[in-house]
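S.K.: Can you keep this structure in mind? I'll have questions shortly.
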Amino acid sequence: METQNSGARDVFEPENKIQFVVVLRAVASLMVMFSHLMFFYDANKIHSFFFGFIRDHVIYPFAIIQNFGFFGVVLFFLVSGFIVSYVSRRDGGFAFLIKRVFRIYPPLILSVLLITLIYSLYTFISHETTDLMGISFVDIFTSSTLINYLIPNSVKINPVAWTLIIEMVFYFICFLTLPLLKNKPKIAILINLFFVFMVICFYKSFGDTFYLFAVTVCYLPFLFLGQLIYFLWDSRITFRVFLLSSIANYVLIVYGLLMKIYPTFYAPGNSYLITFVYAYFTFVLLLLLNKHIKRSSIINFFSKISYSLYLYNRLIALFLVILVPLVGFVFGSVLTLTLIVIISYLSWRFAEEFFRQFARKIITKLNL
C-alpha cells in the first residue's frame with residue numbers, strides 16, 4: 001500500500017520536512033497489527049488486562065470498528081492520496097506508473113508465495129485443515145496480480161491485499177490525469193468525482209465483475225480526500241474548493257460505499273464514518289504539528305517497513321495458533337510480532353528496496 005506505501009523514498013528525506021507522514025505510516029501499520037492480535041484475543045476468549053482495558057475503555061466507548069484495523073487503513077489511504085499527489089509534481093507519466101507498479105507488486109508476489117508456503121508446511125506437519133488447502137497455481141496467479149478482487153468467490157491468499165487493488169486503481173487514475181494534477185488540479189478533482197459517481201450509479205448494471213470493480217471504486221474518495229489536503233497544503237486550490245470537494249467526496253462515501261455497498265457499516269454502533277473522522281483529524285492534526293515532530297529511530301524503522309509489515313498480517317493468526325498453546329498469549333504475541341517484523345524487514349530489504357532501485361534504473365535507461 002502507499003503507506004504507505006507510496007514508493008517515494010525522496011519524500012521522506014529530512015530536507016523535505018514531511019515528518020508527519022513517517023509517523024502516520026508507522027502508526028497505521030502498528031494499528032493493523034494490533035487489530036489482528038485483538039481479533040485473536042476476542043475469538044479465543046483470552047483474559048488479559050491490557051487487551052481487556054483497550055477493548056472496554058477505548059474501542060467500545062469510542063465506537064472504533066475492527067479493533068483499530070480500519071483506522072489504520074484510512075490513515076494509509078489518506079497518506080497515499082497526499083504523497084502520490086506530492087510526488088506527481090516531478091514524475092513523468094510512465095515514470096510515475098513504473099514506480100508505483102514496482103512498489104506494489106514485487107512485495108505482494110513475495111507475500112503470496114511465502115504465505116502459501118508457510119500454510120502448506122503447517123498443514124503438512126500438523127495435519128490441520130486451513131482455508132488455504134487445495135489452492136491452485138491459478139489462485140496464486142490471481143492473488144499475485146490482484147485480479148482475484150474482480151473475480152466473484154475467488155481465493156484470497158493474502159486477504160489484506162484488498163486495499164492494494166484500490167491503490168492501483170487510484171494510481172492509474174492519477175497516471176491518466178497527471179498533466180491536470182500538475183497544472184489544473186480543480187479539473188482533476190471534478191473528473192475524479194464524476195468517475196466515482198458514474199460507477200456508483202451503474203454498480204449493478206454490468207455483471208459481477210463490474211460490481212466488484214464498483215466496490216473498489218467506492219473506496220477511492222478516502223484517497224481523494226488525502227489528495228485534497230495536499231492541494232490545500234501546497235496552495236494549489238482555495239479553501240472554498242477544498243471544502244466543497246471534501247463534502248462531495250464525503251457524500252460519495254456515504255451514498256456509494258455505505259448506503260449501497262455496505263449498509264451494515266452505516267449503523268451508529270458499527271460505523272465506518274466514526275472511525276474515518278478519527279483518522280481524518282489525526283492526519284490533519286499531525287500535519288499541523290509537522291514542524292514540531294521529531295522522528296525517532298523506532299518510528300523511522302516501522303515507517304520504512306510499513307508496507308511489508310502490512311502484507312504479512314495474514315501470518316499473525318497462524319503464528320498465534322502455533323505459539324500460544326506452547327508459551328501463553330503474552331509471550332506468544334511477543335514472539336509472533338517479532339517474527340512478523342523480521343519477515344517484513346527481509347521483505348523490505350530484498351524486495352521493496354531492490355525493485356525500487358530496479359525501477360529507477362529502468363526509468364533512467366528509458367529516459368522517462
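If you're wondering about the labels, chains in the C-alpha cells are A, B, ... by order shown, residues count from 1 in each chain, ligands from 1 in order shown.
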Write out as a ChimeraX atom specification the residues lying within 6 Å of stretch 22-34 of chain A, counting only C-alpha atoms and excluding same-chain residues fewer than 3 positions away.
M.R.: /A:3-4,19,37,68-69,72,299,302-303,306,310
S.K.: Those residues you just picked out, can you put them in a file as a PDB file, in the first residue's frame with C-alpha atoms?
M.R.:
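Heads up, here's the output in selection-v1.pdb:
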```
ATOM      1  CA  THR A   3       1.866   3.946   3.128  1.00  0.00           C
ATOM      2  CA  GLN A   4       2.421   3.656   2.936  1.00  0.00           C
ATOM      3  CA  GLN A  19       7.816  14.295   9.218  1.00  0.00           C
ATOM      4  CA  LEU A  37      -3.943  -9.543  17.792  1.00  0.00           C
ATOM      5  CA  PHE A  68      -8.354  -0.097  15.050  1.00  0.00           C
ATOM      6  CA  GLY A  69      -7.872  -2.027  11.793  1.00  0.00           C
ATOM      7  CA  GLY A  72      -5.053   2.206  10.199  1.00  0.00           C
ATOM      8  CA  ILE A 299       9.335   5.349  14.131  1.00  0.00           C
ATOM      9  CA  PHE A 302       8.406   0.880  11.361  1.00  0.00           C
ATOM     10  CA  SER A 303       7.621   3.511   8.746  1.00  0.00           C
ATOM     11  CA  SER A 306       5.259  -0.488   6.995  1.00  0.00           C
ATOM     12  CA  TYR A 310       1.004  -4.727   6.404  1.00  0.00           C
TER      13      TYR A 310
END
```
S.K.: Show me, as a Markdown table, the residues of stretch 15-127 of chain A having an atom within 12 Å of stretch 145-151 of chain A, each with the closest atom pair and its distance in Å, using only C-alpha atoms.
M.R.:
```
| residue | atom | partner | partner_atom | distance |
| --- | --- | --- | --- | --- |
| A:Val101 | CA | A:Thr145 | CA | 10.6 |
| A:Ile104 | CA | A:Thr145 | CA | 10.0 |
| A:Tyr105 | CA | A:Thr145 | CA | 7.4 |
| A:Pro106 | CA | A:Thr145 | CA | 10.1 |
| A:Pro107 | CA | A:Thr145 | CA | 11.5 |
| A:Leu108 | CA | A:Thr145 | CA | 8.4 |
| A:Ile109 | CA | A:Thr145 | CA | 7.7 |
| A:Leu110 | CA | A:Thr145 | CA | 11.5 |
| A:Ser111 | CA | A:Thr145 | CA | 11.9 |
| A:Val112 | CA | A:Thr145 | CA | 10.0 |
```
S.K.: If we count only C-alpha atoms, what is near A:Val321 at a cut-off of 12 Å, once residues fewer than 2 positions away on the same chain are taken out, given as a PyMOL selection string?
M.R.: chain A and resi 37+40-41+43-44+119+122+126+128+130+315-319+323-329+332-333+335-336
S.K.: Would you output that residue set with C-alpha atoms, as an mmCIF file, in the first residue's frame?
M.R.:
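Contents of again.cif, as written:
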```
data_model
loop_
_atom_site.group_PDB
_atom_site.id
_atom_site.type_symbol
_atom_site.label_atom_id
_atom_site.label_comp_id
_atom_site.auth_asym_id
_atom_site.auth_seq_id
_atom_site.Cartn_x
_atom_site.Cartn_y
_atom_site.Cartn_z
ATOM 1 C CA LEU A 37 -3.943 -9.543 17.792
ATOM 2 C CA PHE A 40 -7.437 -13.471 18.093
ATOM 3 C CA TYR A 41 -7.884 -12.334 21.706
ATOM 4 C CA ALA A 43 -12.158 -15.080 19.216
ATOM 5 C CA ASN A 44 -10.412 -17.264 21.766
ATOM 6 C CA TYR A 119 0.461 -22.533 5.393
ATOM 7 C CA TYR A 122 1.808 -26.022 8.712
ATOM 8 C CA SER A 126 0.164 -30.557 11.898
ATOM 9 C CA GLU A 128 -4.750 -29.444 10.481
ATOM 10 C CA THR A 130 -6.855 -24.359 6.821
ATOM 11 C CA LEU A 315 0.517 -14.795 9.356
ATOM 12 C CA ILE A 316 -0.278 -13.334 12.794
ATOM 13 C CA ALA A 317 -3.231 -15.640 13.463
ATOM 14 C CA LEU A 318 -1.327 -18.728 12.292
ATOM 15 C CA PHE A 319 1.731 -17.966 14.421
ATOM 16 C CA LEU A 323 2.762 -20.432 19.788
ATOM 17 C CA VAL A 324 0.026 -19.557 22.287
ATOM 18 C CA PRO A 325 -0.594 -23.182 23.407
ATOM 19 C CA LEU A 326 3.159 -23.542 23.964
ATOM 20 C CA VAL A 327 4.104 -20.313 25.750
ATOM 21 C CA GLY A 328 0.847 -18.498 26.532
ATOM 22 C CA PHE A 329 -0.804 -15.473 24.960
ATOM 23 C CA GLY A 332 3.148 -15.943 22.073
ATOM 24 C CA SER A 333 2.165 -12.446 20.980
ATOM 25 C CA LEU A 335 7.228 -13.958 19.561
ATOM 26 C CA THR A 336 4.628 -13.608 16.807
#
```
S.K.: What does the distance between atom CA of A:Phe62 and atom CA of A:Phe76 come to in Å, to one decimal place?
M.R.: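 Interatomic distance, atom CA of A:Phe62 to atom CA of A:Phe76: 20.6 Å.
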S.K.: Determine which residues of stretch 118-284 of chain A DSSP labels as alpha helix (DSSP H) from the backbone of this structure, then write them out as an MDAnalysis selection string.
M.R.: chainID A and resid 118:126 137:145 162:176 178:183 185:201 207:217 220:233 239:252 272:284
